[in-house]
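Structure data (mmCIF, C-alpha atoms (C1' of nucleotides)) from query17.cif:
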```
data_start
loop_
_atom_site.group_PDB
_atom_site.id
_atom_site.type_symbol
_atom_site.label_atom_id
_atom_site.label_comp_id
_atom_site.auth_asym_id
_atom_site.auth_seq_id
_atom_site.Cartn_x
_atom_site.Cartn_y
_atom_site.Cartn_z
ATOM 1 C CA MET A 195 -48.556 21.429 -44.961
ATOM 2 C CA ILE A 196 -51.122 19.394 -43.103
ATOM 3 C CA LYS A 197 -51.561 15.656 -43.339
ATOM 4 C CA PRO A 198 -55.253 14.811 -43.732
ATOM 5 C CA SER A 199 -56.855 11.685 -42.317
ATOM 6 C CA ASP A 200 -58.375 9.119 -44.650
ATOM 7 C CA TYR A 201 -61.838 10.568 -44.376
ATOM 8 C CA GLU A 202 -60.644 14.115 -44.768
ATOM 9 C CA LEU A 203 -58.862 13.001 -47.873
ATOM 10 C CA LYS A 204 -62.068 11.644 -49.331
ATOM 11 C CA LEU A 205 -63.691 15.030 -48.962
ATOM 12 C CA LEU A 206 -60.662 16.819 -50.316
ATOM 13 C CA ARG A 207 -60.727 14.746 -53.458
ATOM 14 C CA HIS A 208 -64.165 16.060 -54.337
ATOM 15 C CA LEU A 209 -63.063 19.604 -53.679
ATOM 16 C CA TRP A 210 -60.032 19.236 -55.897
ATOM 17 C CA ARG A 211 -62.177 17.888 -58.674
ATOM 18 C CA ALA A 212 -64.964 20.433 -58.363
ATOM 19 C CA GLY A 213 -62.984 23.435 -57.207
ATOM 20 C CA ARG A 214 -65.675 24.799 -54.954
ATOM 21 C CA LEU A 215 -68.662 23.129 -53.358
ATOM 22 C CA SER A 216 -71.344 23.933 -50.835
ATOM 23 C CA ALA A 217 -71.741 21.675 -47.825
ATOM 24 C CA ARG A 218 -74.797 20.093 -49.362
ATOM 25 C CA GLU A 219 -73.121 19.470 -52.680
ATOM 26 C CA LEU A 220 -70.084 18.004 -51.050
ATOM 27 C CA HIS A 221 -72.188 15.786 -48.866
ATOM 28 C CA ASP A 222 -74.233 14.500 -51.764
ATOM 29 C CA ALA A 223 -71.078 13.836 -53.722
ATOM 30 C CA SER A 224 -69.302 11.964 -50.959
ATOM 31 C CA VAL A 225 -72.042 10.238 -49.007
ATOM 32 C CA GLU A 226 -71.633 7.071 -50.984
ATOM 33 C CA GLU A 227 -68.059 6.635 -49.768
ATOM 34 C CA THR A 228 -68.495 7.930 -46.228
ATOM 35 C CA ASN A 229 -72.014 6.763 -45.396
ATOM 36 C CA TRP A 230 -72.216 9.819 -43.178
ATOM 37 C CA SER A 231 -75.172 11.861 -42.103
ATOM 38 C CA TYR A 232 -75.244 15.402 -43.409
ATOM 39 C CA SER A 233 -74.325 16.610 -39.937
ATOM 40 C CA ALA A 234 -71.259 14.421 -39.861
ATOM 41 C CA THR A 235 -70.063 15.765 -43.176
ATOM 42 C CA ARG A 236 -70.545 19.319 -42.034
ATOM 43 C CA LYS A 237 -68.785 18.821 -38.747
ATOM 44 C CA THR A 238 -65.793 17.266 -40.381
ATOM 45 C CA LEU A 239 -65.710 20.113 -42.850
ATOM 46 C CA GLU A 240 -65.825 22.580 -39.999
ATOM 47 C CA ARG A 241 -62.881 20.993 -38.303
ATOM 48 C CA MET A 242 -61.010 20.953 -41.569
ATOM 49 C CA ILE A 243 -61.423 24.714 -41.683
ATOM 50 C CA GLU A 244 -60.001 25.126 -38.190
ATOM 51 C CA LYS A 245 -57.097 22.987 -39.217
ATOM 52 C CA GLY A 246 -56.517 24.896 -42.410
ATOM 53 C CA LEU A 247 -57.295 22.082 -44.788
ATOM 54 C CA VAL A 248 -60.123 23.945 -46.484
ATOM 55 C CA THR A 249 -61.133 27.559 -46.833
ATOM 56 C CA LEU A 250 -64.614 28.932 -46.435
ATOM 57 C CA GLU A 251 -65.918 31.252 -49.106
ATOM 58 C CA ALA A 252 -69.356 32.801 -48.905
ATOM 59 C CA VAL A 253 -70.909 33.224 -52.326
ATOM 60 C CA HIS A 254 -74.065 35.338 -52.316
ATOM 61 C CA GLY A 255 -74.608 34.380 -48.706
ATOM 62 C CA LEU A 256 -74.099 30.668 -49.209
ATOM 63 C CA ASN A 257 -71.059 29.043 -47.676
ATOM 64 C CA THR A 258 -68.822 27.218 -50.073
ATOM 65 C CA TYR A 259 -65.618 25.333 -49.439
ATOM 66 C CA VAL A 260 -62.341 25.213 -51.294
ATOM 67 C CA ALA A 261 -59.338 22.995 -50.712
ATOM 68 C CA ALA A 262 -56.550 24.956 -49.081
ATOM 69 C CA GLN A 263 -53.761 22.661 -50.194
ATOM 70 C CA SER A 264 -53.238 21.426 -53.694
ATOM 71 C CA LYS A 265 -53.667 17.794 -54.533
ATOM 72 C CA VAL A 266 -50.032 17.365 -55.368
ATOM 73 C CA GLU A 267 -48.809 19.031 -52.187
ATOM 74 C CA THR A 268 -51.077 16.843 -50.122
ATOM 75 C CA LEU A 269 -50.043 13.701 -51.910
ATOM 76 C CA ALA A 270 -46.442 14.675 -51.303
ATOM 77 C CA VAL A 271 -46.980 14.986 -47.565
ATOM 78 C CA LEU A 272 -48.796 11.689 -47.401
ATOM 79 C CA ALA A 273 -46.268 9.881 -49.531
ATOM 80 C CA SER A 274 -43.281 11.103 -47.602
ATOM 81 C CA ALA A 275 -44.925 10.171 -44.323
ATOM 82 C CA PHE A 276 -45.476 6.695 -45.690
ATOM 83 C CA ALA A 277 -41.908 6.407 -46.872
ATOM 84 C CA ARG A 278 -40.543 7.597 -43.551
ATOM 85 C CA ASP A 279 -42.852 5.857 -41.095
ATOM 86 C CA VAL A 280 -43.627 2.619 -42.846
ATOM 87 C CA LEU A 281 -40.787 1.983 -45.221
ATOM 88 C CA ASP A 282 -38.159 3.612 -43.003
ATOM 89 C CA LEU A 283 -36.761 5.255 -46.056
ATOM 90 C CA ASP A 284 -34.565 8.316 -46.159
ATOM 91 C CA ALA A 285 -34.890 8.979 -49.824
ATOM 92 C CA PRO A 286 -38.248 9.897 -51.317
ATOM 93 C CA LEU A 287 -40.560 7.326 -52.806
ATOM 94 C CA PRO A 288 -39.706 6.603 -56.434
ATOM 95 C CA ALA A 289 -42.043 8.069 -59.007
ATOM 96 C CA ALA A 290 -42.821 4.544 -60.163
ATOM 97 C CA ALA A 291 -45.017 4.163 -57.102
ATOM 98 C CA PHE A 292 -47.477 6.699 -58.467
ATOM 99 C CA ALA A 293 -47.436 5.519 -62.023
ATOM 100 C CA GLY A 294 -50.677 3.594 -61.905
ATOM 101 C CA SER A 295 -52.730 6.082 -59.936
ATOM 102 C CA LYS A 296 -55.638 7.644 -61.727
ATOM 103 C CA LEU A 297 -55.280 10.658 -59.486
ATOM 104 C CA VAL A 298 -52.178 12.101 -61.037
ATOM 105 C CA SER A 299 -51.196 12.970 -64.543
ATOM 106 C CA PRO A 300 -47.642 12.520 -65.812
ATOM 107 C CA GLY A 301 -47.095 16.239 -65.386
ATOM 108 C CA GLU A 302 -48.236 16.060 -61.801
ATOM 109 C CA ILE A 303 -45.947 13.149 -61.140
ATOM 110 C CA ALA A 304 -43.020 15.284 -62.153
ATOM 111 C CA GLU A 305 -44.208 18.020 -59.845
ATOM 112 C CA LEU A 306 -44.624 15.491 -57.089
ATOM 113 C CA GLU A 307 -41.106 14.279 -57.447
ATOM 114 C CA THR A 308 -39.732 17.748 -56.987
ATOM 115 C CA LEU A 309 -41.783 18.266 -53.859
ATOM 116 C CA LEU A 310 -40.824 14.891 -52.481
ATOM 117 C CA GLN A 311 -37.175 15.664 -52.874
ATOM 118 C CA ASP A 312 -37.596 18.980 -51.109
ATOM 119 C CA LEU A 313 -39.423 17.343 -48.257
ATOM 120 C CA SER A 314 -36.880 14.614 -47.705
ATOM 121 C CA ALA A 315 -34.028 17.102 -47.935
ATOM 122 C CA LYS A 316 -35.663 19.301 -45.347
ATOM 123 C CA ALA A 317 -36.327 16.349 -43.039
ATOM 124 C CA LYS A 318 -32.713 15.353 -43.291
ATOM 125 C CA GLY A 319 -31.547 18.823 -42.409
ATOM 126 C CA GLU A 320 -33.763 18.926 -39.353
ATOM 127 C CA GLY A 321 -32.792 15.445 -38.328
ATOM 128 C CA LYS A 322 -29.131 16.332 -38.283
ATOM 129 C CA SER A 323 -29.367 19.377 -36.093
ATOM 130 C CA MET B 241 -54.482 -8.662 -40.286
ATOM 131 C CA ILE B 242 -54.344 -5.523 -38.204
ATOM 132 C CA LYS B 243 -52.998 -2.191 -39.323
ATOM 133 C CA PRO B 244 -50.694 -0.757 -36.655
ATOM 134 C CA SER B 245 -50.339 2.939 -35.942
ATOM 135 C CA ASP B 246 -47.020 4.672 -36.468
ATOM 136 C CA TYR B 247 -45.951 4.232 -32.879
ATOM 137 C CA GLU B 248 -47.085 0.656 -32.718
ATOM 138 C CA LEU B 249 -45.023 0.019 -35.801
ATOM 139 C CA LYS B 250 -41.925 1.368 -34.102
ATOM 140 C CA LEU B 251 -42.339 -1.147 -31.319
ATOM 141 C CA LEU B 252 -43.088 -3.944 -33.721
ATOM 142 C CA ARG B 253 -39.886 -3.325 -35.593
ATOM 143 C CA HIS B 254 -37.859 -4.096 -32.485
ATOM 144 C CA LEU B 255 -39.848 -7.229 -31.865
ATOM 145 C CA TRP B 256 -39.319 -8.452 -35.386
ATOM 146 C CA ARG B 257 -35.611 -7.894 -35.069
ATOM 147 C CA ALA B 258 -35.227 -9.417 -31.616
ATOM 148 C CA GLY B 259 -37.907 -12.069 -31.759
ATOM 149 C CA ARG B 260 -38.883 -11.791 -28.133
ATOM 150 C CA LEU B 261 -38.397 -8.985 -25.636
ATOM 151 C CA SER B 262 -39.443 -8.104 -22.130
ATOM 152 C CA ALA B 263 -41.219 -4.811 -21.542
ATOM 153 C CA ARG B 264 -38.075 -3.332 -20.086
ATOM 154 C CA GLU B 265 -35.917 -4.473 -22.959
ATOM 155 C CA LEU B 266 -38.346 -3.215 -25.521
ATOM 156 C CA HIS B 267 -38.619 0.105 -23.762
ATOM 157 C CA ASP B 268 -34.876 0.558 -23.553
ATOM 158 C CA ALA B 269 -34.530 -0.348 -27.193
ATOM 159 C CA SER B 270 -37.206 2.029 -28.421
ATOM 160 C CA VAL B 271 -37.109 4.948 -26.024
ATOM 161 C CA GLU B 272 -34.823 6.902 -28.286
ATOM 162 C CA GLU B 273 -37.435 6.961 -31.045
ATOM 163 C CA THR B 274 -40.531 7.311 -28.906
ATOM 164 C CA ASN B 275 -39.254 9.464 -26.057
ATOM 165 C CA TRP B 276 -41.812 7.675 -23.929
ATOM 166 C CA SER B 277 -41.843 6.958 -20.242
ATOM 167 C CA TYR B 278 -41.641 3.304 -19.306
ATOM 168 C CA SER B 279 -45.325 3.429 -18.383
ATOM 169 C CA ALA B 280 -46.251 4.719 -21.800
ATOM 170 C CA THR B 281 -44.388 1.925 -23.511
ATOM 171 C CA ARG B 282 -46.062 -0.665 -21.337
ATOM 172 C CA LYS B 283 -49.518 0.713 -21.835
ATOM 173 C CA THR B 284 -49.159 0.765 -25.573
ATOM 174 C CA LEU B 285 -47.858 -2.764 -25.466
ATOM 175 C CA GLU B 286 -50.854 -3.791 -23.401
ATOM 176 C CA ARG B 287 -53.252 -2.352 -25.907
ATOM 177 C CA MET B 288 -51.372 -4.050 -28.701
ATOM 178 C CA ILE B 289 -52.075 -7.342 -26.970
ATOM 179 C CA GLU B 290 -55.791 -6.626 -26.755
ATOM 180 C CA LYS B 291 -55.728 -5.789 -30.414
ATOM 181 C CA GLY B 292 -53.827 -8.877 -31.340
ATOM 182 C CA LEU B 293 -50.711 -7.183 -32.600
ATOM 183 C CA VAL B 294 -48.438 -8.894 -30.106
ATOM 184 C CA THR B 295 -48.616 -12.007 -28.000
ATOM 185 C CA LEU B 296 -47.673 -12.287 -24.377
ATOM 186 C CA GLU B 297 -45.399 -15.124 -23.354
ATOM 187 C CA ALA B 298 -44.364 -15.662 -19.787
ATOM 188 C CA VAL B 299 -40.864 -17.071 -19.543
ATOM 189 C CA HIS B 300 -39.965 -18.252 -16.071
ATOM 190 C CA GLY B 301 -42.481 -15.831 -14.673
ATOM 191 C CA LEU B 302 -41.302 -12.853 -16.664
ATOM 192 C CA ASN B 303 -43.609 -11.431 -19.303
ATOM 193 C CA THR B 304 -42.164 -11.278 -22.769
ATOM 194 C CA TYR B 305 -43.715 -10.065 -25.968
ATOM 195 C CA VAL B 306 -43.668 -11.421 -29.475
ATOM 196 C CA ALA B 307 -44.989 -9.883 -32.651
ATOM 197 C CA ALA B 308 -48.181 -11.624 -33.705
ATOM 198 C CA GLN B 309 -47.950 -10.653 -37.357
ATOM 199 C CA SER B 310 -44.916 -11.027 -39.518
ATOM 200 C CA LYS B 311 -43.093 -8.028 -40.830
ATOM 201 C CA VAL B 312 -44.003 -8.800 -44.394
ATOM 202 C CA GLU B 313 -47.681 -9.317 -43.633
ATOM 203 C CA THR B 314 -47.809 -6.040 -41.775
ATOM 204 C CA LEU B 315 -46.023 -4.175 -44.494
ATOM 205 C CA ALA B 316 -48.487 -5.633 -46.949
ATOM 206 C CA VAL B 317 -51.462 -4.336 -44.982
ATOM 207 C CA LEU B 318 -49.935 -0.923 -44.642
ATOM 208 C CA ALA B 319 -48.922 -0.716 -48.257
ATOM 209 C CA SER B 320 -52.266 -1.764 -49.592
ATOM 210 C CA ALA B 321 -54.034 0.719 -47.324
ATOM 211 C CA PHE B 322 -51.785 3.428 -48.681
ATOM 212 C CA ALA B 323 -52.425 2.386 -52.253
ATOM 213 C CA ARG B 324 -56.168 2.280 -51.712
ATOM 214 C CA ASP B 325 -56.736 5.299 -49.495
ATOM 215 C CA VAL B 326 -54.130 7.713 -50.731
ATOM 216 C CA LEU B 327 -53.321 6.693 -54.255
ATOM 217 C CA ASP B 328 -56.820 5.453 -55.043
ATOM 218 C CA LEU B 329 -55.281 2.509 -56.761
ATOM 219 C CA ASP B 330 -56.951 -0.786 -57.538
ATOM 220 C CA ALA B 331 -53.821 -2.682 -58.347
ATOM 221 C CA PRO B 332 -51.184 -3.265 -55.689
ATOM 222 C CA LEU B 333 -48.198 -1.003 -55.306
ATOM 223 C CA PRO B 334 -45.359 -1.934 -57.632
ATOM 224 C CA ALA B 335 -42.436 -3.683 -56.004
ATOM 225 C CA ALA B 336 -40.243 -0.798 -57.082
ATOM 226 C CA ALA B 337 -41.717 1.221 -54.247
ATOM 227 C CA PHE B 338 -40.004 -0.985 -51.708
ATOM 228 C CA ALA B 339 -36.724 -1.312 -53.494
ATOM 229 C CA GLY B 340 -34.829 1.229 -51.426
ATOM 230 C CA SER B 341 -36.097 0.208 -48.027
ATOM 231 C CA LYS B 342 -33.569 -1.252 -45.652
ATOM 232 C CA LEU B 343 -36.375 -3.163 -43.998
ATOM 233 C CA VAL B 344 -36.904 -5.749 -46.658
ATOM 234 C CA SER B 345 -34.613 -8.106 -48.452
ATOM 235 C CA PRO B 346 -35.122 -9.008 -52.114
ATOM 236 C CA GLY B 347 -36.630 -12.301 -51.025
ATOM 237 C CA GLU B 348 -39.078 -10.506 -48.791
ATOM 238 C CA ILE B 349 -40.027 -8.164 -51.595
ATOM 239 C CA ALA B 350 -41.063 -11.128 -53.643
ATOM 240 C CA GLU B 351 -43.117 -12.442 -50.755
ATOM 241 C CA LEU B 352 -44.642 -9.010 -50.332
ATOM 242 C CA GLU B 353 -45.708 -8.870 -53.907
ATOM 243 C CA THR B 354 -47.596 -12.095 -53.593
ATOM 244 C CA LEU B 355 -49.393 -10.916 -50.493
ATOM 245 C CA LEU B 356 -50.197 -7.587 -52.070
ATOM 246 C CA GLN B 357 -51.792 -9.261 -55.013
ATOM 247 C CA ASP B 358 -53.885 -11.454 -52.761
ATOM 248 C CA LEU B 359 -55.038 -8.480 -50.763
ATOM 249 C CA SER B 360 -56.049 -6.425 -53.748
ATOM 250 C CA ALA B 361 -57.805 -9.377 -55.303
ATOM 251 C CA LYS B 362 -59.752 -9.983 -52.127
ATOM 252 C CA ALA B 363 -60.671 -6.305 -51.806
ATOM 253 C CA LYS B 364 -61.946 -6.339 -55.325
ATOM 254 C CA GLY B 365 -64.069 -9.373 -54.675
ATOM 255 C CA GLU B 366 -65.638 -7.817 -51.622
ATOM 256 C CA GLY B 367 -66.164 -4.536 -53.372
ATOM 257 C CA LYS B 368 -68.119 -6.198 -56.147
ATOM 258 C CA SER B 369 -70.499 -8.154 -53.979
ATOM 259 C "C1'" DA C 139 -38.458 -13.235 7.941
ATOM 260 C "C1'" DC C 140 -37.694 -8.540 6.243
ATOM 261 C "C1'" DT C 141 -36.421 -5.152 2.847
ATOM 262 C "C1'" DC C 142 -35.908 -3.225 -1.610
ATOM 263 C "C1'" DA C 143 -36.215 -2.889 -6.371
ATOM 264 C "C1'" DA C 144 -38.278 -4.247 -10.397
ATOM 265 C "C1'" DA C 145 -42.496 -6.145 -12.658
ATOM 266 C "C1'" DT C 146 -47.422 -5.943 -13.057
ATOM 267 C "C1'" DG C 147 -52.124 -4.410 -13.157
ATOM 268 C "C1'" DC C 148 -55.066 -0.809 -13.579
ATOM 269 C "C1'" DG C 149 -57.080 3.590 -13.580
ATOM 270 C "C1'" DA C 150 -56.973 8.271 -15.609
ATOM 271 C "C1'" DC C 151 -56.484 12.547 -18.447
ATOM 272 C "C1'" DG C 152 -56.318 14.957 -22.816
ATOM 273 C "C1'" DC C 153 -56.750 15.451 -27.619
ATOM 274 C "C1'" DA C 154 -58.301 14.072 -32.244
ATOM 275 C "C1'" DT C 155 -61.910 12.495 -34.783
ATOM 276 C "C1'" DG C 156 -66.181 10.010 -36.230
ATOM 277 C "C1'" DT C 157 -70.865 10.688 -35.370
ATOM 278 C "C1'" DC C 158 -75.145 13.076 -34.320
ATOM 279 C "C1'" DG C 159 -78.960 16.244 -32.944
ATOM 280 C "C1'" DC C 160 -81.049 20.576 -31.901
ATOM 281 C "C1'" DA C 161 -81.916 25.425 -31.905
ATOM 282 C "C1'" DT C 162 -81.721 29.475 -34.493
ATOM 283 C "C1'" DG C 163 -81.507 32.005 -38.743
ATOM 284 C "C1'" DT C 164 -83.166 33.244 -43.294
ATOM 285 C "C1'" DA C 165 -85.090 33.247 -47.742
ATOM 286 C "C1'" DT C 166 -89.236 31.698 -50.484
ATOM 287 C "C1'" DG C 167 -93.892 30.652 -51.744
ATOM 288 C "C1'" DC C 168 -98.541 31.300 -50.603
ATOM 289 C "C1'" DG D 77 -97.416 38.053 -42.726
ATOM 290 C "C1'" DC D 78 -96.747 33.316 -41.947
ATOM 291 C "C1'" DA D 79 -95.305 28.637 -42.596
ATOM 292 C "C1'" DT D 80 -91.895 25.651 -44.610
ATOM 293 C "C1'" DA D 81 -87.380 24.227 -45.959
ATOM 294 C "C1'" DC D 82 -82.744 24.462 -45.918
ATOM 295 C "C1'" DA D 83 -78.349 26.577 -43.989
ATOM 296 C "C1'" DT D 84 -75.732 27.524 -40.101
ATOM 297 C "C1'" DG D 85 -73.807 27.421 -35.463
ATOM 298 C "C1'" DC D 86 -72.874 24.860 -31.678
ATOM 299 C "C1'" DG D 87 -72.979 21.435 -28.265
ATOM 300 C "C1'" DA D 88 -72.394 16.400 -27.231
ATOM 301 C "C1'" DC D 89 -70.946 11.553 -26.847
ATOM 302 C "C1'" DA D 90 -67.913 7.553 -27.923
ATOM 303 C "C1'" DT D 91 -63.657 5.573 -29.224
ATOM 304 C "C1'" DG D 92 -58.708 5.309 -30.115
ATOM 305 C "C1'" DC D 93 -54.455 6.334 -28.607
ATOM 306 C "C1'" DG D 94 -50.514 8.952 -26.486
ATOM 307 C "C1'" DT D 95 -49.255 9.715 -21.905
ATOM 308 C "C1'" DC D 96 -48.600 9.039 -17.109
ATOM 309 C "C1'" DG D 97 -48.869 7.639 -11.997
ATOM 310 C "C1'" DC D 98 -49.855 4.636 -8.284
ATOM 311 C "C1'" DA D 99 -50.780 0.562 -5.656
ATOM 312 C "C1'" DT D 100 -49.840 -4.215 -5.350
ATOM 313 C "C1'" DT D 101 -47.151 -8.331 -6.236
ATOM 314 C "C1'" DT D 102 -43.100 -10.825 -6.546
ATOM 315 C "C1'" DG D 103 -38.421 -12.297 -6.619
ATOM 316 C "C1'" DA D 104 -33.721 -11.761 -4.799
ATOM 317 C "C1'" DG D 105 -30.496 -10.736 -1.269
ATOM 318 C "C1'" DT D 106 -29.251 -10.543 3.674
#
```

Please go through the file and, once you have read it, give me the structure as structure tokens.
Amino acid sequence: MIKPSDYELKLLRHLWRAGRLSARELHDASVEETNWSYSATRKTLERMIEKGLVTLEAVHGLNTYVAAQSKVETLAVLASAFARDVLDLDAPLPAAAFAGSKLVSPGEIAELETLLQDLSAKAKGEGKS
Amino acid sequence: MIKPSDYELKLLRHLWRAGRLSARELHDASVEETNWSYSATRKTLERMIEKGLVTLEAVHGLNTYVAAQSKVETLAVLASAFARDVLDLDAPLPAAAFAGSKLVSPGEIAELETLLQDLSAKAKGEGKS
DNA sequence: ACTCAAATGCGACGCATGTCGCATGTATGC
DNA sequence: GCATACATGCGACATGCGTCGCATTTGAGT
């Protein structure tokens, strides 16, 4: 599970919503938030492939991109990093923290909570060794 | 208000607790978490001064360091960045998110909530313009 | 006054990442 | 068959930051 940077996250959001996008489509969709040149978008995308954040899929000769991690998984990584590094918390973030976010449905919040518990349990295990 | 990196935050935590520390003291206190050489600690500290995260105070010729932002202010910046960038939330994080953290007392949570509201209100204002 | 250890200042390397541009391919319309 | 437009591959520069070493200064002890 890889922790994306803020900008990478912006791109990922579009991919989660759309499922699969070409570089051009993704750029057009995200340029308002990033203010990037097309080249910048593509380069970032390229590095996200190397890192395993997105997968490349050629469709009829055109390259398209798909998120390699689910939204909920990614949110879980980010949230547990925040809880650990900023809040200095052992336990996972309470579900209440996500309640107001438009990004996640109630069902996804439940899923998130499960993942969060797994992550903090695993961290604890490693910490003890 | 400056947003510290994870490592910078580790150093800041010691400064908040101790109030004022020399480079050597701070290094000794934090080396267990950072696993840094003394030089690394000092360099980071130096850059934190440039950035305005800490202030240098010479006491009888010995350099000491003091956090330039309060713990609660810093937590507020970090929390609102998380809410905005990760959760895509307009409103501030609910206080419940901080409830379990050993870093903040109930009184500080109240203070935090006020700051968080200010920050999100200001962000909104700027966003609209 | 001399020595020694600790404190300081400063330069540097490497990696990640934001940011671009250019050269080459390739498909499409004339 | 050729020009035009977009897609792709790839190289590059700057900045931030983690990481470290070294040379110089300075204070304390003898």

Long-range neighbours of A:Arg278 as a list of chain:residue names, 12 Å cut-off, all atoms listed in the file, 5 positions minimum in chain: A:Val271, A:Leu272, A:Ala273, A:Leu283, A:Asp284, A:Ala285, A:Pro286, A:Leu287, A:Leu310, A:Leu313, A:Ser314, A:Ala317, A:Lys318, B:Asp246, B:Leu249, B:Lys250, B:Phe338, B:Gly340, B:Ser341, B:Lys342, B:Leu343

Around the point (-40.8, -5.3, -7.9) (coordinates from the file), which residues reach within 8 Å if we count all atoms listed in the file? Answer as a PyMOL selection string. (chain C and resi 143-145) or (chain D and resi 101-103)

Quick check: residues of chain A within 10 Å of chain D, only C-alpha atoms (C1' of nucleotides), returned as a PDB file with C-alpha atoms, in the coordinates of the input.
```
ATOM      1  CA  ALA A 217     -71.741  21.675 -47.825  1.00  0.00           C
ATOM      2  CA  ARG A 218     -74.797  20.093 -49.362  1.00  0.00           C
ATOM      3  CA  ARG A 236     -70.545  19.319 -42.034  1.00  0.00           C
ATOM      4  CA  GLY A 255     -74.608  34.380 -48.706  1.00  0.00           C
ATOM      5  CA  LEU A 256     -74.099  30.668 -49.209  1.00  0.00           C
ATOM      6  CA  ASN A 257     -71.059  29.043 -47.676  1.00  0.00           C
TER       7      ASN A 257
END
```

Evaluate the PyMOL selection byres ((chain B and resi 251) around 12) here and jot the selected residues down as a PyMOL selection string. chain B and resi 244-250+252-263+265-274+276+280-282+284-286+288+293-294+305-307+311

Check every residue of chain C for an atom within 8 Å of chain A, counting all atoms listed in the file, and provide those that qualify as a PyMOL selection string. chain C and resi 156-158

Can you list what the PyMOL selection byres ((chain B and resi 346-349) around 10) grabs from this structure, as a short mmCIF file (atom, residue, chain, number, x, y, z; two decimals) with C-alpha atoms, keeping the file's coordinate frame?
```
data_model
loop_
_atom_site.label_atom_id
_atom_site.label_comp_id
_atom_site.auth_asym_id
_atom_site.auth_seq_id
_atom_site.Cartn_x
_atom_site.Cartn_y
_atom_site.Cartn_z
CA LYS B 311 -43.09 -8.03 -40.83
CA VAL B 312 -44.00 -8.80 -44.39
CA ALA B 316 -48.49 -5.63 -46.95
CA ALA B 335 -42.44 -3.68 -56.00
CA ALA B 336 -40.24 -0.80 -57.08
CA ALA B 337 -41.72 1.22 -54.25
CA PHE B 338 -40.00 -0.98 -51.71
CA ALA B 339 -36.72 -1.31 -53.49
CA SER B 341 -36.10 0.21 -48.03
CA LEU B 343 -36.38 -3.16 -44.00
CA VAL B 344 -36.90 -5.75 -46.66
CA SER B 345 -34.61 -8.11 -48.45
CA ALA B 350 -41.06 -11.13 -53.64
CA GLU B 351 -43.12 -12.44 -50.76
CA LEU B 352 -44.64 -9.01 -50.33
CA GLU B 353 -45.71 -8.87 -53.91
CA THR B 354 -47.60 -12.10 -53.59
CA LEU B 355 -49.39 -10.92 -50.49
#
```

So what do you get for atom CA of A:Phe276 versus atom CA of A:Gln263, distance-wise? 18.5 Å

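Between atom CA of B:Glu313 and atom CA of B:Asp325 there is a distance of 18.2 Å.
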